[in-house]
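Student: Have a peek at my_file_36.cif (mmCIF, C-alpha atoms and all ligand atoms).
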```cif
data_start
#
loop_
_atom_site.label_atom_id
_atom_site.label_comp_id
_atom_site.auth_asym_id
_atom_site.auth_seq_id
_atom_site.Cartn_x
_atom_site.Cartn_y
_atom_site.Cartn_z
CA MET A 1 0.00 0.00 0.00
CA SER A 2 1.23 3.52 -0.68
CA VAL A 3 0.07 7.14 -0.82
CA LYS A 4 1.58 9.67 -3.21
CA LYS A 5 1.03 13.45 -3.05
CA GLU A 6 1.46 15.65 -6.12
CA LEU A 7 0.67 19.22 -7.11
CA TYR A 8 -2.47 19.03 -9.30
CA GLY A 9 -3.02 22.68 -10.24
CA LYS A 10 -3.55 26.19 -8.98
CA LEU A 11 -6.64 28.33 -8.61
CA GLU A 12 -6.69 31.81 -10.15
CA ASN A 13 -5.70 33.27 -6.78
CA GLY A 14 -2.59 31.08 -6.73
CA GLN A 15 -3.92 28.60 -4.17
CA GLU A 16 -2.42 25.17 -4.74
CA VAL A 17 -4.52 22.06 -5.22
CA PHE A 18 -2.94 18.69 -4.48
CA GLU A 19 -3.78 15.19 -5.62
CA TYR A 20 -3.37 12.20 -3.31
CA THR A 21 -3.19 8.75 -4.86
CA ILE A 22 -3.65 5.64 -2.78
CA GLU A 23 -2.48 2.40 -4.43
CA ASN A 24 -3.05 -1.12 -3.15
CA THR A 25 -0.92 -4.19 -3.81
CA HIS A 26 -3.02 -5.13 -6.89
CA GLY A 27 -2.17 -1.81 -8.54
CA VAL A 28 -5.70 -0.45 -8.02
CA GLN A 29 -5.55 3.30 -7.42
CA VAL A 30 -7.88 5.97 -6.13
CA SER A 31 -6.91 9.62 -6.50
CA ILE A 32 -8.50 12.46 -4.61
CA ILE A 33 -7.83 16.17 -5.12
CA THR A 34 -8.10 18.80 -2.39
CA TYR A 35 -10.46 20.92 -4.53
CA GLY A 36 -13.87 19.68 -3.40
CA ALA A 37 -12.26 16.62 -1.72
CA THR A 38 -12.96 15.21 -5.17
CA MET A 39 -12.58 11.54 -6.06
CA ASN A 40 -10.79 12.19 -9.32
CA ARG A 41 -9.70 8.79 -10.66
CA ILE A 42 -10.24 5.13 -9.93
CA ILE A 43 -7.84 2.98 -11.90
CA CYS A 44 -8.69 -0.71 -11.90
CA PRO A 45 -8.33 -3.78 -14.15
CA ASP A 46 -10.81 -5.16 -16.66
CA LYS A 47 -11.24 -8.92 -17.13
CA ASP A 48 -8.00 -9.09 -19.13
CA GLY A 49 -6.01 -7.07 -16.62
CA ASN A 50 -6.09 -3.76 -18.54
CA MET A 51 -5.90 -0.86 -16.11
CA GLU A 52 -8.27 2.02 -16.89
CA ASP A 53 -9.85 4.96 -15.12
CA ILE A 54 -13.56 4.25 -14.51
CA LEU A 55 -14.48 7.75 -13.35
CA ALA A 56 -15.78 10.26 -15.88
CA GLY A 57 -14.31 13.65 -15.12
CA PHE A 58 -11.56 15.96 -16.23
CA ASP A 59 -7.84 15.78 -16.99
CA SER A 60 -7.05 18.96 -15.13
CA LEU A 61 -8.26 21.39 -12.50
CA GLU A 62 -9.46 23.71 -15.29
CA GLY A 63 -12.09 21.15 -16.27
CA HIS A 64 -13.53 21.14 -12.76
CA LEU A 65 -13.45 24.94 -12.66
CA THR A 66 -15.09 25.48 -16.04
CA CYS A 67 -17.78 22.79 -15.53
CA PRO A 68 -18.81 23.35 -11.90
CA GLY A 69 -22.38 22.17 -12.46
CA TYR A 70 -21.36 18.54 -12.95
CA TYR A 71 -19.89 18.02 -9.47
CA CYS A 72 -17.66 15.33 -11.02
CA GLY A 73 -16.44 13.19 -8.11
CA GLN A 74 -16.90 16.08 -5.72
CA THR A 75 -17.86 15.91 -2.07
CA VAL A 76 -21.23 17.57 -1.60
CA GLY A 77 -22.54 19.34 1.52
CA GLN A 78 -23.94 20.89 3.65
CA TYR A 79 -27.10 19.51 2.09
CA ALA A 80 -26.61 17.22 -0.91
CA ASN A 81 -29.42 17.16 -3.50
CA ARG A 82 -32.39 19.53 -3.47
CA ILE A 83 -34.29 21.63 -0.94
CA CYS A 84 -37.58 23.08 -2.19
CA GLY A 85 -37.24 26.86 -2.51
CA GLY A 86 -34.10 26.53 -0.38
CA LYS A 87 -36.42 26.91 2.62
CA PHE A 88 -36.29 24.87 5.80
CA GLU A 89 -36.87 25.21 9.53
CA VAL A 90 -34.78 24.18 12.51
CA ASN A 91 -36.29 24.54 16.01
CA GLY A 92 -39.10 26.65 14.53
CA VAL A 93 -36.67 29.16 12.98
CA ALA A 94 -36.99 29.64 9.22
CA TYR A 95 -33.83 29.55 7.10
CA GLN A 96 -33.25 30.43 3.46
CA ALA A 97 -30.47 28.52 1.67
CA THR A 98 -28.91 29.69 -1.61
CA GLN A 99 -31.30 29.16 -4.54
CA ASN A 100 -28.68 28.15 -7.09
CA GLU A 101 -30.95 26.12 -9.40
CA ASN A 102 -33.20 28.25 -11.60
CA ASP A 103 -33.17 30.88 -8.79
CA LYS A 104 -35.61 28.57 -7.08
CA THR A 105 -34.17 25.42 -5.58
CA CYS A 106 -31.12 24.87 -3.42
CA LEU A 107 -29.07 22.17 -5.18
CA HIS A 108 -26.05 20.52 -3.54
CA GLY A 109 -25.94 23.08 -0.74
CA GLY A 110 -25.22 25.88 -3.20
CA GLY A 111 -21.96 24.14 -4.11
CA GLU A 112 -20.06 25.26 -1.03
CA TYR A 113 -18.26 22.05 -0.01
CA SER A 114 -17.67 20.97 -3.59
CA HIS A 115 -15.82 24.08 -4.68
CA ALA A 116 -13.74 24.71 -1.56
CA VAL A 117 -10.10 23.72 -1.19
CA TRP A 118 -9.87 21.19 1.64
CA LYS A 119 -6.90 20.47 3.89
CA ALA A 120 -5.46 16.99 3.66
CA ILE A 121 -3.33 14.75 5.81
CA ILE A 122 -2.02 11.29 5.07
CA VAL A 123 -3.32 9.14 7.93
CA ASP A 124 -1.69 5.89 6.86
CA ASP A 125 -0.32 4.23 3.72
CA ASP A 126 -3.90 3.37 2.70
CA CYS A 127 -5.80 6.39 3.98
CA VAL A 128 -6.04 10.19 3.49
CA GLU A 129 -8.22 12.55 5.51
CA PHE A 130 -9.66 15.77 4.05
CA SER A 131 -11.03 18.49 6.29
CA TYR A 132 -13.06 21.66 5.85
CA LEU A 133 -14.77 24.05 8.24
CA SER A 134 -18.10 25.26 6.91
CA PRO A 135 -18.76 28.64 8.57
CA ASP A 136 -22.05 29.37 10.32
CA MET A 137 -24.72 30.53 7.84
CA GLN A 138 -22.61 29.80 4.76
CA ASP A 139 -25.14 29.47 1.91
CA GLY A 140 -27.84 29.91 4.56
CA PHE A 141 -27.08 26.79 6.64
CA PRO A 142 -26.75 27.26 10.42
CA GLY A 143 -23.75 25.92 12.33
CA ASN A 144 -20.00 25.96 12.10
CA VAL A 145 -19.60 22.48 10.74
CA GLU A 146 -16.23 20.77 11.25
CA THR A 147 -16.12 18.29 8.43
CA THR A 148 -13.76 15.45 7.62
CA VAL A 149 -14.01 13.07 4.72
CA THR A 150 -11.61 10.15 4.88
CA TYR A 151 -10.83 8.00 1.86
CA SER A 152 -9.19 4.62 2.26
CA LEU A 153 -8.47 1.78 -0.14
CA GLY A 154 -8.01 -1.80 0.98
CA ASP A 155 -6.47 -4.82 -0.70
CA ASP A 156 -10.07 -6.05 -1.00
CA ASN A 157 -10.48 -3.26 -3.63
CA ILE A 158 -12.94 -1.40 -1.42
CA ILE A 159 -12.81 2.38 -1.50
CA GLN A 160 -14.27 3.52 1.78
CA ILE A 161 -15.50 7.08 2.33
CA ASP A 162 -16.07 8.07 5.96
CA TYR A 163 -17.94 11.30 6.60
CA LYS A 164 -17.90 13.17 9.90
CA ALA A 165 -19.53 16.60 10.08
CA ILE A 166 -20.00 17.98 13.59
CA THR A 167 -22.02 21.17 14.12
CA ASP A 168 -21.95 23.73 16.94
CA LYS A 169 -25.62 24.69 16.34
CA ASP A 170 -28.67 22.56 15.61
CA THR A 171 -28.78 22.17 11.85
CA ILE A 172 -29.43 19.91 8.86
CA ILE A 173 -26.62 17.95 7.18
CA ASN A 174 -26.64 15.59 4.22
CA MET A 175 -23.40 14.69 2.49
CA THR A 176 -22.52 12.63 -0.54
CA ASN A 177 -19.90 11.96 -3.15
CA HIS A 178 -20.87 12.77 -6.73
CA ALA A 179 -18.67 10.31 -8.67
CA TYR A 180 -19.65 9.63 -12.29
CA PHE A 181 -18.89 6.00 -13.14
CA ASN A 182 -18.43 4.43 -16.54
CA LEU A 183 -16.99 0.95 -15.99
CA ALA A 184 -16.07 0.74 -19.69
CA THR A 185 -14.67 4.33 -19.67
CA THR A 186 -16.23 7.08 -21.79
CA LYS A 187 -14.03 5.91 -24.71
CA ARG A 188 -16.63 3.17 -25.25
CA GLY A 189 -19.63 5.47 -25.15
CA ASN A 190 -22.65 5.59 -22.88
CA VAL A 191 -23.54 3.44 -19.89
CA LEU A 192 -26.88 2.12 -21.17
CA GLY A 193 -25.42 -1.40 -21.52
CA HIS A 194 -24.31 -1.57 -17.87
CA GLU A 195 -26.39 -4.07 -15.88
CA LEU A 196 -27.63 -2.62 -12.61
CA THR A 197 -29.16 -4.23 -9.54
CA LEU A 198 -30.50 -2.01 -6.74
CA ASN A 199 -31.54 -3.33 -3.34
CA CYS A 200 -34.46 -0.89 -3.33
CA ASP A 201 -38.17 -1.69 -3.22
CA ALA A 202 -39.27 1.94 -3.50
CA TYR A 203 -38.28 5.36 -4.81
CA THR A 204 -39.39 8.95 -4.30
CA PRO A 205 -41.12 10.42 -7.38
CA THR A 206 -40.61 14.13 -8.01
CA ASP A 207 -42.41 17.16 -9.43
CA ALA A 208 -41.18 19.12 -12.48
CA ASP A 209 -38.54 20.85 -10.29
CA SER A 210 -37.18 17.46 -9.17
CA ILE A 211 -38.57 17.97 -5.67
CA PRO A 212 -40.06 14.82 -4.12
CA THR A 213 -43.84 14.87 -3.98
CA GLY A 214 -43.67 13.08 -0.62
CA GLU A 215 -44.87 9.78 -2.03
CA ILE A 216 -42.79 6.68 -1.43
CA ARG A 217 -43.71 4.62 -4.47
CA SER A 218 -43.12 0.92 -4.98
CA VAL A 219 -40.84 0.15 -7.93
CA GLU A 220 -42.85 -3.02 -8.63
CA GLY A 221 -43.94 -3.25 -12.26
CA THR A 222 -42.32 0.09 -13.16
CA ALA A 223 -39.21 1.17 -15.07
CA PHE A 224 -37.68 1.84 -11.64
CA ASP A 225 -37.55 -1.84 -10.72
CA PHE A 226 -33.86 -2.81 -10.56
CA LYS A 227 -34.44 -5.53 -7.94
CA THR A 228 -33.04 -8.02 -10.40
CA ALA A 229 -30.31 -7.09 -12.85
CA LYS A 230 -31.29 -5.21 -15.99
CA THR A 231 -29.42 -2.81 -18.21
CA ILE A 232 -29.68 0.86 -17.37
CA GLY A 233 -30.95 1.35 -20.92
CA GLN A 234 -33.69 -1.30 -20.86
CA ASP A 235 -36.50 0.93 -19.61
CA ILE A 236 -34.89 4.38 -19.64
CA GLY A 237 -37.01 5.37 -22.66
CA ALA A 238 -40.27 4.07 -21.15
CA GLU A 239 -43.41 6.21 -21.31
CA ASP A 240 -43.17 7.03 -17.63
CA GLU A 241 -43.78 10.69 -16.73
CA GLN A 242 -40.99 10.48 -14.12
CA LEU A 243 -38.42 9.44 -16.74
CA VAL A 244 -39.68 11.85 -19.38
CA GLN A 245 -39.56 14.80 -16.99
CA CYS A 246 -35.96 14.06 -15.91
CA ARG A 247 -34.72 12.82 -19.35
CA GLY A 248 -33.78 9.54 -17.69
CA TYR A 249 -33.16 8.39 -14.14
CA ASP A 250 -32.47 11.21 -11.68
CA HIS A 251 -34.27 9.84 -8.64
CA ASN A 252 -33.77 8.88 -5.05
CA PHE A 253 -34.19 5.18 -4.34
CA CYS A 254 -35.04 4.02 -0.81
CA ILE A 255 -32.46 1.44 0.24
CA ASN A 256 -33.90 -1.68 1.87
CA GLY A 257 -32.85 -2.66 5.38
CA GLU A 258 -31.98 -0.89 8.58
CA ILE A 259 -30.81 2.71 8.28
CA GLY A 260 -27.51 3.18 10.13
CA LYS A 261 -26.26 -0.29 9.16
CA LEU A 262 -23.96 -0.81 6.21
CA ARG A 263 -26.13 -2.42 3.48
CA HIS A 264 -25.24 -3.66 0.01
CA PHE A 265 -27.34 -1.31 -2.12
CA ALA A 266 -26.02 -1.73 -5.67
CA HIS A 267 -24.29 -4.13 -7.99
CA VAL A 268 -23.21 -3.04 -11.46
CA TYR A 269 -21.76 -5.25 -14.20
CA GLU A 270 -20.34 -4.04 -17.48
CA PRO A 271 -20.31 -6.92 -20.00
CA VAL A 272 -17.62 -5.66 -22.44
CA THR A 273 -14.87 -5.13 -19.86
CA GLY A 274 -16.24 -7.51 -17.22
CA ARG A 275 -15.83 -4.82 -14.58
CA THR A 276 -18.13 -4.75 -11.57
CA LEU A 277 -18.96 -2.17 -8.94
CA ASP A 278 -20.66 -2.83 -5.61
CA GLY A 279 -21.99 -0.11 -3.33
CA TYR A 280 -22.53 -0.24 0.45
CA THR A 281 -23.86 2.48 2.71
CA ASP A 282 -25.52 3.13 6.08
CA LEU A 283 -27.61 6.00 4.63
CA PRO A 284 -31.35 5.78 3.79
CA GLY A 285 -31.17 6.51 0.06
CA VAL A 286 -29.25 6.66 -3.18
CA GLN A 287 -29.71 9.01 -6.12
CA LEU A 288 -29.43 7.15 -9.41
CA TYR A 289 -28.48 9.84 -11.92
CA THR A 290 -27.79 8.67 -15.46
CA GLY A 291 -25.90 11.71 -16.75
CA ASN A 292 -29.02 13.09 -18.43
CA PHE A 293 -27.57 16.58 -18.68
CA MET A 294 -24.07 15.66 -19.94
CA ILE A 295 -23.41 17.50 -23.21
CA PRO A 296 -20.71 17.26 -25.90
CA GLU A 297 -19.74 20.91 -25.43
CA ASP A 298 -18.07 19.76 -22.21
CA ILE A 299 -14.84 17.89 -22.72
CA GLY A 300 -13.90 15.09 -20.35
CA LYS A 301 -10.79 13.01 -19.75
CA GLU A 302 -8.49 12.28 -22.72
CA GLY A 303 -10.29 14.98 -24.70
CA ILE A 304 -13.42 12.86 -25.10
CA PRO A 305 -16.57 15.01 -25.18
CA PHE A 306 -19.27 14.11 -22.70
CA ASP A 307 -22.65 13.09 -24.03
CA LYS A 308 -26.02 12.07 -22.65
CA HIS A 309 -25.79 9.01 -20.36
CA TYR A 310 -21.98 8.83 -20.62
CA ALA A 311 -21.82 7.98 -16.90
CA PHE A 312 -24.01 7.16 -13.94
CA CYS A 313 -23.92 8.35 -10.35
CA LEU A 314 -24.96 6.46 -7.23
CA GLU A 315 -25.05 9.28 -4.68
CA THR A 316 -25.75 7.92 -1.20
CA GLN A 317 -27.83 10.33 0.83
CA TYR A 318 -30.80 11.26 2.99
CA TYR A 319 -33.72 11.72 0.62
CA PRO A 320 -33.94 15.06 -1.23
CA ASP A 321 -35.90 17.83 0.51
CA THR A 322 -36.02 15.80 3.74
CA PRO A 323 -36.32 18.90 5.97
CA ASN A 324 -39.70 19.63 4.33
CA GLN A 325 -40.94 16.03 4.17
CA LYS A 326 -42.07 14.83 7.57
CA ASN A 327 -42.47 11.18 6.49
CA PHE A 328 -38.83 10.84 5.31
CA PRO A 329 -36.02 9.71 7.64
CA GLN A 330 -34.76 12.98 9.14
CA CYS A 331 -31.26 14.51 9.06
CA LYS A 332 -31.45 17.19 11.75
CA PHE A 333 -28.48 17.18 14.10
CA LYS A 334 -28.11 18.79 17.53
CA ALA A 335 -25.20 21.05 18.48
CA GLY A 336 -22.19 18.93 19.38
CA LYS A 337 -23.44 16.09 17.18
CA GLY A 338 -23.52 15.58 13.47
CA PHE A 339 -23.59 13.52 10.34
CA ILE A 340 -21.38 10.43 10.67
CA SER A 341 -21.63 7.98 7.84
CA THR A 342 -19.81 5.46 5.67
CA THR A 343 -20.15 4.60 1.99
CA GLN A 344 -18.06 2.00 0.17
CA TYR A 345 -17.51 1.32 -3.51
CA LYS A 346 -15.88 -2.00 -4.35
CA VAL A 347 -14.38 -2.56 -7.79
CA GLY A 348 -13.99 -6.00 -9.31
CA VAL A 349 -14.25 -8.16 -12.41
CA LYS A 350 -16.44 -11.04 -13.45
CA LYS A 351 -14.85 -13.40 -15.96
C1 LIG A 401 -28.87 15.86 -9.68
C2 LIG A 401 -28.96 16.15 -11.15
C3 LIG A 401 -27.87 17.14 -11.49
C4 LIG A 401 -26.55 16.56 -11.10
C5 LIG A 401 -25.39 17.51 -11.33
C6 LIG A 401 -27.53 15.24 -9.42
O1 LIG A 401 -27.39 14.93 -8.07
O2 LIG A 401 -29.90 15.02 -9.22
O3 LIG A 401 -30.23 16.69 -11.45
O4 LIG A 401 -27.90 17.45 -12.86
O5 LIG A 401 -26.54 16.21 -9.76
O6 LIG A 401 -25.56 18.69 -10.60
#
```
Mind turning this structure into structure tokens?

Tutor:
Amino acid sequence: MSVKKELYGKLENGQEVFEYTIENTHGVQVSIITYGATMNRIICPDKDGNMEDILAGFDSLEGHLTCPGYYCGQTVGQYANRICGGKFEVNGVAYQATQNENDKTCLHGGGEYSHAVWKAIIVDDDCVEFSYLSPDMQDGFPGNVETTVTYSLGDDNIIQIDYKAITDKDTIINMTNHAYFNLATTKRGNVLGHELTLNCDAYTPTDADSIPTGEIRSVEGTAFDFKTAKTIGQDIGAEDEQLVQCRGYDHNFCINGEIGKLRHFAHVYEPVTGRTLDGYTDLPGVQLYTGNFMIPEDIGKEGIPFDKHYAFCLETQYYPDTPNQKNFPQCKFKAGKGFISTTQYKVGVKK
């Protein structure tokens, strides 16, 4: 096991951004940059041993800076996903978060955590910790939130992300990582041929602004049923108002099993390369986003233009708009406490 630190780039103000690469004894690597505590690369073998980077993203810091709306691999906080009108209440006090989506919705906490430069320390030869202090009322969210996100990589090819965000005022916190996966790499086109299984019996349908209606709908007999493996593309074009409205999947799925316990929520298999991805989390939900808004004007790694469905995201999370949805599992944290959570992504191959 080893960790390597390199200069990755500089912001306009001269601030340096570093990249940390953890490598295990199989040559699997995960690289994280201090800008956004961003998971920037995962290099892993296909069924013939060819090492490739399975994260869609950018070759340089400039890519991240010029395409901030993608959140490619970035850590997201203080509230990942959407809050209706950016409005929420804590202890009866009304708060207004930044309305950065169509001047209406708060998306990904206004981008604060994702576009900040985090501090980093190498904890061990398999583990790097990133830290960031979110100031009280930044983007409208109460609490000074001391946040650490720790990435580790084992010889079992598990990338583990540990979140710890402790507040000094009662507040809401919901964090995720926004990695875009393409197990065949974007060189081979879109991800519609990837076979996906989700351990989710229900999902949360949304309105035209992608805000949950409050309904927890069974996936049974719908295009949202991934309980047994099917390709992402099989039903993506179905005449389902939820899919039409979002141009594909961009929905929160409710993960089966006990919240707070690490559960296996996803298995993905890519038949051309044989690569697999397994996801585990203790959180209530996962956003399946199928890159519906990726466009060829934006250039990804190796100069390959993005395009619709060129990657998929499995963003573990509390459900979107939870603070305004009383029947969803809640993510309010008292002063002195906070959001403590683990998500794992395991890479592999099936021969
Ligand atoms: C959202 C998408 C959005 C993407 C990039 C996802 O979490 O659900 O609607 O386009 O993030 O911001």

Student: Around ligand LIG 401 (chain A), which protein and nucleic acid residues have at least one atom no more than 10 Å from it, if we count only C-alpha atoms and all ligand atoms? List them as a count of residues only.

Tutor: 42

Student: Pick the closest to A:Ser218 from A:Thr150, A:Thr197, A:Asn256, A:Gln234: which is it, counting all atoms listed in the file?

Tutor: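 Result for the nearest residue to A:Ser218: A:Asn256.
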
Student: Between atom CA of A:Tyr20 and atom CA of A:Tyr35, what is the spacing in Å?

Tutor: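 That distance, rounded to one decimal, is 11.3 Å.
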
Student: Give the answer as one residue: which of A:Glu16, A:Glu52, A:Asp168, A:Asp46 has the shortest atom-to-atom distance to A:Lys187, using all atoms listed in the file?

Tutor: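 Using all atoms listed in the file, the shortest distance to A:Lys187 belongs to A:Glu52.
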
Student: Near A:Gly338, within 10 Å and counting all atoms listed in the file, which residues show up once chain neighbours fewer than 4 positions away are dropped, as a list in words?

Tutor: Val145, Glu146, Thr147, Tyr163, Lys164, Ala165, Ile166, Thr167, Asp168, Lys169, Asp170, Thr171, Ile172, Ile173, Asn174, Cys331, Lys332, Phe333 and Lys334 of chain A

Student: Have stretch 127-136 of chain A completed to all heavy atoms, please, and pass it along as a PDB file, keeping the file's coordinate frame.

Tutor:
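Writing done, so here's part35.pdb:
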```pdb
ATOM      1  N   CYS A 127      -4.721   5.541   3.483  1.00  0.00           N
ATOM      2  CA  CYS A 127      -5.800   6.390   3.980  1.00  0.00           C
ATOM      3  C   CYS A 127      -5.409   7.872   4.029  1.00  0.00           C
ATOM      4  O   CYS A 127      -4.345   8.216   4.553  1.00  0.00           O
ATOM      5  CB  CYS A 127      -6.124   5.866   5.383  1.00  0.00           C
ATOM      6  SG  CYS A 127      -7.411   6.741   6.222  1.00  0.00           S
ATOM      7  N   VAL A 128      -6.276   8.733   3.467  1.00  0.00           N
ATOM      8  CA  VAL A 128      -6.040  10.190   3.490  1.00  0.00           C
ATOM      9  C   VAL A 128      -7.295  10.869   4.020  1.00  0.00           C
ATOM     10  O   VAL A 128      -8.417  10.527   3.614  1.00  0.00           O
ATOM     11  CB  VAL A 128      -5.711  10.729   2.075  1.00  0.00           C
ATOM     12  CG1 VAL A 128      -5.364  12.213   2.128  1.00  0.00           C
ATOM     13  CG2 VAL A 128      -4.567   9.951   1.431  1.00  0.00           C
ATOM     14  N   GLU A 129      -7.076  11.834   4.917  1.00  0.00           N
ATOM     15  CA  GLU A 129      -8.220  12.550   5.510  1.00  0.00           C
ATOM     16  C   GLU A 129      -8.255  13.989   4.983  1.00  0.00           C
ATOM     17  O   GLU A 129      -7.246  14.698   4.996  1.00  0.00           O
ATOM     18  CB  GLU A 129      -8.076  12.571   7.028  1.00  0.00           C
ATOM     19  CG  GLU A 129      -9.200  13.315   7.723  1.00  0.00           C
ATOM     20  CD  GLU A 129      -8.923  13.508   9.209  1.00  0.00           C
ATOM     21  OE1 GLU A 129      -9.126  12.554   9.972  1.00  0.00           O
ATOM     22  OE2 GLU A 129      -8.488  14.612   9.581  1.00  0.00           O
ATOM     23  N   PHE A 130      -9.441  14.409   4.563  1.00  0.00           N
ATOM     24  CA  PHE A 130      -9.660  15.770   4.050  1.00  0.00           C
ATOM     25  C   PHE A 130     -10.534  16.510   5.050  1.00  0.00           C
ATOM     26  O   PHE A 130     -11.505  15.937   5.568  1.00  0.00           O
ATOM     27  CB  PHE A 130     -10.339  15.701   2.681  1.00  0.00           C
ATOM     28  CG  PHE A 130      -9.451  15.061   1.648  1.00  0.00           C
ATOM     29  CD1 PHE A 130      -9.352  13.675   1.565  1.00  0.00           C
ATOM     30  CD2 PHE A 130      -8.662  15.830   0.811  1.00  0.00           C
ATOM     31  CE1 PHE A 130      -8.497  13.078   0.657  1.00  0.00           C
ATOM     32  CE2 PHE A 130      -7.802  15.237  -0.101  1.00  0.00           C
ATOM     33  CZ  PHE A 130      -7.721  13.858  -0.185  1.00  0.00           C
ATOM     34  N   SER A 131     -10.217  17.767   5.315  1.00  0.00           N
ATOM     35  CA  SER A 131     -11.030  18.490   6.290  1.00  0.00           C
ATOM     36  C   SER A 131     -11.373  19.894   5.791  1.00  0.00           C
ATOM     37  O   SER A 131     -10.628  20.510   5.013  1.00  0.00           O
ATOM     38  CB  SER A 131     -10.322  18.557   7.639  1.00  0.00           C
ATOM     39  OG  SER A 131      -9.086  19.208   7.497  1.00  0.00           O
ATOM     40  N   TYR A 132     -12.537  20.360   6.267  1.00  0.00           N
ATOM     41  CA  TYR A 132     -13.060  21.660   5.850  1.00  0.00           C
ATOM     42  C   TYR A 132     -13.978  22.169   6.947  1.00  0.00           C
ATOM     43  O   TYR A 132     -14.771  21.392   7.504  1.00  0.00           O
ATOM     44  CB  TYR A 132     -13.844  21.499   4.533  1.00  0.00           C
ATOM     45  CG  TYR A 132     -14.604  22.725   4.110  1.00  0.00           C
ATOM     46  CD1 TYR A 132     -13.939  23.873   3.689  1.00  0.00           C
ATOM     47  CD2 TYR A 132     -16.004  22.741   4.136  1.00  0.00           C
ATOM     48  CE1 TYR A 132     -14.650  25.013   3.320  1.00  0.00           C
ATOM     49  CE2 TYR A 132     -16.709  23.876   3.754  1.00  0.00           C
ATOM     50  CZ  TYR A 132     -16.032  25.002   3.355  1.00  0.00           C
ATOM     51  OH  TYR A 132     -16.730  26.121   2.993  1.00  0.00           O
ATOM     52  N   LEU A 133     -13.861  23.448   7.260  1.00  0.00           N
ATOM     53  CA  LEU A 133     -14.770  24.050   8.240  1.00  0.00           C
ATOM     54  C   LEU A 133     -15.789  24.890   7.484  1.00  0.00           C
ATOM     55  O   LEU A 133     -15.439  25.885   6.836  1.00  0.00           O
ATOM     56  CB  LEU A 133     -13.988  24.926   9.226  1.00  0.00           C
ATOM     57  CG  LEU A 133     -14.861  25.734  10.183  1.00  0.00           C
ATOM     58  CD1 LEU A 133     -15.626  24.832  11.144  1.00  0.00           C
ATOM     59  CD2 LEU A 133     -14.016  26.732  10.976  1.00  0.00           C
ATOM     60  N   SER A 134     -17.043  24.488   7.557  1.00  0.00           N
ATOM     61  CA  SER A 134     -18.100  25.260   6.910  1.00  0.00           C
ATOM     62  C   SER A 134     -18.583  26.309   7.910  1.00  0.00           C
ATOM     63  O   SER A 134     -19.131  25.964   8.960  1.00  0.00           O
ATOM     64  CB  SER A 134     -19.241  24.327   6.514  1.00  0.00           C
ATOM     65  OG  SER A 134     -20.363  25.087   6.145  1.00  0.00           O
ATOM     66  N   PRO A 135     -18.396  27.607   7.593  1.00  0.00           N
ATOM     67  CA  PRO A 135     -18.760  28.640   8.570  1.00  0.00           C
ATOM     68  C   PRO A 135     -20.271  28.736   8.770  1.00  0.00           C
ATOM     69  O   PRO A 135     -21.050  28.444   7.861  1.00  0.00           O
ATOM     70  CB  PRO A 135     -18.236  29.930   7.931  1.00  0.00           C
ATOM     71  CG  PRO A 135     -17.475  29.542   6.722  1.00  0.00           C
ATOM     72  CD  PRO A 135     -17.860  28.157   6.335  1.00  0.00           C
ATOM     73  N   ASP A 136     -20.642  29.160   9.967  1.00  0.00           N
ATOM     74  CA  ASP A 136     -22.050  29.370  10.320  1.00  0.00           C
ATOM     75  C   ASP A 136     -22.727  30.236   9.252  1.00  0.00           C
ATOM     76  O   ASP A 136     -22.174  31.265   8.854  1.00  0.00           O
ATOM     77  CB  ASP A 136     -22.093  30.075  11.692  1.00  0.00           C
ATOM     78  CG  ASP A 136     -23.508  30.196  12.226  1.00  0.00           C
ATOM     79  OD1 ASP A 136     -24.362  29.368  11.864  1.00  0.00           O
ATOM     80  OD2 ASP A 136     -23.749  31.133  13.017  1.00  0.00           O
TER      81      ASP A 136
END
```
